[in-house]
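Data first, discussion second: the structure below is written as structure tokens.
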Amino acid sequence: MENCVFNTELYQCHHQVTCEPSEEYQLHCHNFYEVYHYISGDVSYRVEGRRYELKSQCVLLLAPHVFHGVRIESSRPYERFAIHFHPAALSQENASLLLRPFQSASSGVGVYFADTERFHLSAFFEDVLSSASLEEDIRNLAVQIRLENLLLQILHMSRKVRGITLAPQNDTIQEVLKYLNHHLDEKITLDSLAQKFYLNKYHLNSLFRRSTGTTVIDYLIHKRLAHAHQLLSEGVSAAEAAERSGFRDYSTFFREYKRKYGIAPSDTVSF
């Protein structure tokens, strides 16, 4: 299968091969569930403060709001399937069961499964991608059924292969991350954070960047925007979403949101 991408508002599925190495991790977070099926290449992931080198035929599950990114380490072809989906893409009666493998990822980490070749996940991804060629009146139903089939196979896999939870490597940074994620709506400064954890603020920021790949403030902005996006998709007003996500100044929220998502907060589609 050649490079293929299938995007809608509820899901984004792709199969791609990339041969150009990257200097930095492409770090981000959002309110979609994600499944990465890694086929080949020399790549590493950062997942909430942990660097992880992917192995052939592995699967990585990420829950919403998990801060992560990939770096391509060499020009060896990096091939992967990936799907990002909103829970609204699933039938209501099946969602709880199908999302069960992601539960241990919901605390701000990822779940990694090695040696998954016998579960033939590539075929399930290809099935989802092939939905793009169907007639419009049956396309949405087809992709829902095929996405649920993929998640059902992952659920089966999770019962046969033990997943490895990817948590931050540094204990101090793990506590800092936990604190930030539980206090997103509060006023947090580098000074107040350093004082709370009895660290010099420059040392804290350096330690944080070394572990996560970004600064404390940049991390907070990413997390707050993802949280605001989720609230907006649930029908919350833009002003309330900004306040509940920790933005004290609406103009700053508007500017950062539009820069990240390419639209004004009020134009976000609710599901």
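FYI, nothing fancy with the structure tokens labels: chains A, B, ... in order, residues from 1 per chain, ligands from 1 as they appear.
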Set the distance at 8 Å and use only C-alpha atoms: which residues neighbour range 230-247 of chain A once local chain neighbours fewer than 5 positions away are removed? I'd like the list as a PyMOL selection string.
chain A and resi 31+184-187+224-225+252-253+265-266+268-271
Contacts of Phe254 in chain A at 9 Å or less, counting only C-alpha atoms, minus same-chain residues fewer than 3 places along, as number ranges by chain?
A: 238, 242, 249-251, 257-259, 264-265
Could the residues in this selection be saved with C-alpha atoms as a compact mmCIF listing (two decimals), in the first residue's frame?
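Result went into part_8.txt, see below:
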```
# COMPACT_ATOMS: atom_id res chain seq x y z
CA ALA A 238 -15.13 29.75 24.31
CA ALA A 242 -10.51 29.36 28.33
CA ASP A 249 -6.30 36.28 29.43
CA TYR A 250 -8.77 35.50 26.65
CA SER A 251 -6.75 37.26 23.93
CA TYR A 257 -5.70 28.38 19.96
CA LYS A 258 -5.85 29.78 16.44
CA ARG A 259 -2.13 29.20 15.96
CA ALA A 264 -11.08 30.52 16.19
CA PRO A 265 -12.27 28.79 19.39
```
Per DSSP on the backbone, filter range 51-260 of chain A down to the residues in strand (DSSP E or B) and report them as a ChimeraX atom specification.
/A:51-53,58-62,68-72,78-85,110-113,164-166
Calculate how many Å separate CA of Leu141 in chain A from CA of Ile83 in chain A, rounding to one decimal.
16.9 Å
Residues of range 213-243 of chain A in alpha helix (DSSP H), written as a ChimeraX atom specification
/A:216-233,238-243
Print the selection's residues with C-alpha atoms to a file, as a PDB file, in the first residue's frame.
```pdb
ATOM      1  CA  VAL A 216       7.364  23.902  31.604  1.00  0.00           C
ATOM      2  CA  ILE A 217       5.428  26.833  30.119  1.00  0.00           C
ATOM      3  CA  ASP A 218       5.259  25.324  26.614  1.00  0.00           C
ATOM      4  CA  TYR A 219       4.039  22.052  28.108  1.00  0.00           C
ATOM      5  CA  LEU A 220       1.325  23.894  30.033  1.00  0.00           C
ATOM      6  CA  ILE A 221       0.152  25.708  26.893  1.00  0.00           C
ATOM      7  CA  HIS A 222      -0.111  22.425  24.958  1.00  0.00           C
ATOM      8  CA  LYS A 223      -2.065  20.744  27.743  1.00  0.00           C
ATOM      9  CA  ARG A 224      -4.379  23.696  28.320  1.00  0.00           C
ATOM     10  CA  LEU A 225      -5.167  24.020  24.617  1.00  0.00           C
ATOM     11  CA  ALA A 226      -5.988  20.304  24.369  1.00  0.00           C
ATOM     12  CA  HIS A 227      -8.255  20.587  27.410  1.00  0.00           C
ATOM     13  CA  ALA A 228      -9.957  23.684  25.982  1.00  0.00           C
ATOM     14  CA  HIS A 229     -10.456  21.928  22.654  1.00  0.00           C
ATOM     15  CA  GLN A 230     -12.172  19.040  24.421  1.00  0.00           C
ATOM     16  CA  LEU A 231     -14.478  21.406  26.321  1.00  0.00           C
ATOM     17  CA  LEU A 232     -15.352  23.266  23.120  1.00  0.00           C
ATOM     18  CA  SER A 233     -16.142  19.986  21.353  1.00  0.00           C
ATOM     19  CA  ALA A 238     -15.128  29.746  24.314  1.00  0.00           C
ATOM     20  CA  ALA A 239     -14.881  32.076  27.322  1.00  0.00           C
ATOM     21  CA  GLU A 240     -15.693  29.290  29.787  1.00  0.00           C
ATOM     22  CA  ALA A 241     -13.344  26.832  28.055  1.00  0.00           C
ATOM     23  CA  ALA A 242     -10.505  29.362  28.325  1.00  0.00           C
ATOM     24  CA  GLU A 243     -11.122  29.942  32.031  1.00  0.00           C
TER      25      GLU A 243
END
```
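Of the listed residues A:Glu48, A:Glu256, A:Glu24, A:Glu117, the one whose atoms come nearest to Glu175 in chain A is A:Glu48, with distances taken using only C-alpha atoms.
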Test item: residues at most 12 Å from Leu199 in chain A, only C-alpha atoms, excluding those fewer than 4 positions along its chain, as number ranges by chain
A: 172-173, 176, 190-195, 203-208
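Non-sequential neighbours of Cys19 in chain A (distance at most 6 Å, separation of 2 or more positions within a chain, only C-alpha atoms) are Ser75, Arg76 and Pro77 of chain A.
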Take the residues just selected and output them with N, CA, C and O atoms as an mmCIF file, in the first residue's frame.
```cif
data_model
loop_
_atom_site.group_PDB
_atom_site.id
_atom_site.type_symbol
_atom_site.label_atom_id
_atom_site.label_comp_id
_atom_site.auth_asym_id
_atom_site.auth_seq_id
_atom_site.Cartn_x
_atom_site.Cartn_y
_atom_site.Cartn_z
ATOM 1 N N SER A 75 17.969 7.938 7.854
ATOM 2 C CA SER A 75 17.285 7.967 6.558
ATOM 3 C C SER A 75 16.692 6.613 6.184
ATOM 4 O O SER A 75 16.099 6.466 5.117
ATOM 5 N N ARG A 76 16.853 5.621 7.049
ATOM 6 C CA ARG A 76 16.205 4.336 6.802
ATOM 7 C C ARG A 76 14.695 4.540 6.772
ATOM 8 O O ARG A 76 14.135 5.217 7.640
ATOM 9 N N PRO A 77 13.999 3.996 5.781
ATOM 10 C CA PRO A 77 12.554 4.249 5.653
ATOM 11 C C PRO A 77 11.783 3.943 6.940
ATOM 12 O O PRO A 77 11.871 2.853 7.490
#
```
Tell me which protein, DNA and RNA residues are within 6 Å of Ile72 in chain A, counting only C-alpha atoms, leaving out same-chain ones fewer than 6 positions away, and put them as a list of chain:residue names.
A:Pro21, A:Ser22, A:Val43
Requested write-out: N, CA, C and O atoms of the selected residues, as a PDB file, in the first residue's frame:
```pdb
ATOM      1  N   PRO A  21      15.406  12.116   8.066  1.00  0.00           N
ATOM      2  CA  PRO A  21      15.527  12.213   9.524  1.00  0.00           C
ATOM      3  C   PRO A  21      15.110  13.591  10.023  1.00  0.00           C
ATOM      4  O   PRO A  21      15.118  14.564   9.274  1.00  0.00           O
ATOM      5  N   SER A  22      14.706  13.675  11.285  1.00  0.00           N
ATOM      6  CA  SER A  22      14.293  14.947  11.889  1.00  0.00           C
ATOM      7  C   SER A  22      15.227  15.300  13.035  1.00  0.00           C
ATOM      8  O   SER A  22      15.693  14.421  13.765  1.00  0.00           O
ATOM      9  N   VAL A  43      13.396   5.108  14.760  1.00  0.00           N
ATOM     10  CA  VAL A  43      12.664   6.227  15.341  1.00  0.00           C
ATOM     11  C   VAL A  43      12.600   6.082  16.858  1.00  0.00           C
ATOM     12  O   VAL A  43      12.726   4.989  17.403  1.00  0.00           O
TER      13      VAL A  43
END
```
Using only C-alpha atoms, which of the listed residues (A:Leu62, A:Cys29, A:Leu134, A:Leu98) sits closest to Leu150 in chain A?
A:Leu98
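Between CA of Leu27 in chain A and CA of His182 in chain A there is a distance of 20.5 Å.
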I'd like the neighbourhood of Leu90 in chain A as a compact mmCIF listing (two decimals) with N, CA and C atoms, in the first residue's frame, where a residue qualifies if any of its atoms comes within 8 Å (using only C-alpha atoms), though same-chain residues fewer than 6 positions away should be ignored.
```txt
# COMPACT_ATOMS: atom_id res chain seq x y z
N GLN A 144 -16.88 3.29 10.68
CA GLN A 144 -17.19 3.00 12.09
C GLN A 144 -17.05 1.50 12.36
N LEU A 147 -13.29 0.59 12.03
CA LEU A 147 -12.53 1.10 13.17
C LEU A 147 -12.80 0.25 14.40
N GLU A 148 -14.07 -0.11 14.62
CA GLU A 148 -14.40 -0.95 15.77
C GLU A 148 -13.78 -2.35 15.63
```
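Around Val128 in chain A, within 8 Å and counting only C-alpha atoms, the residues found are Cys13, Val143, Arg146 and Leu147 of chain A, once anything fewer than 6 positions away on its own chain is removed.
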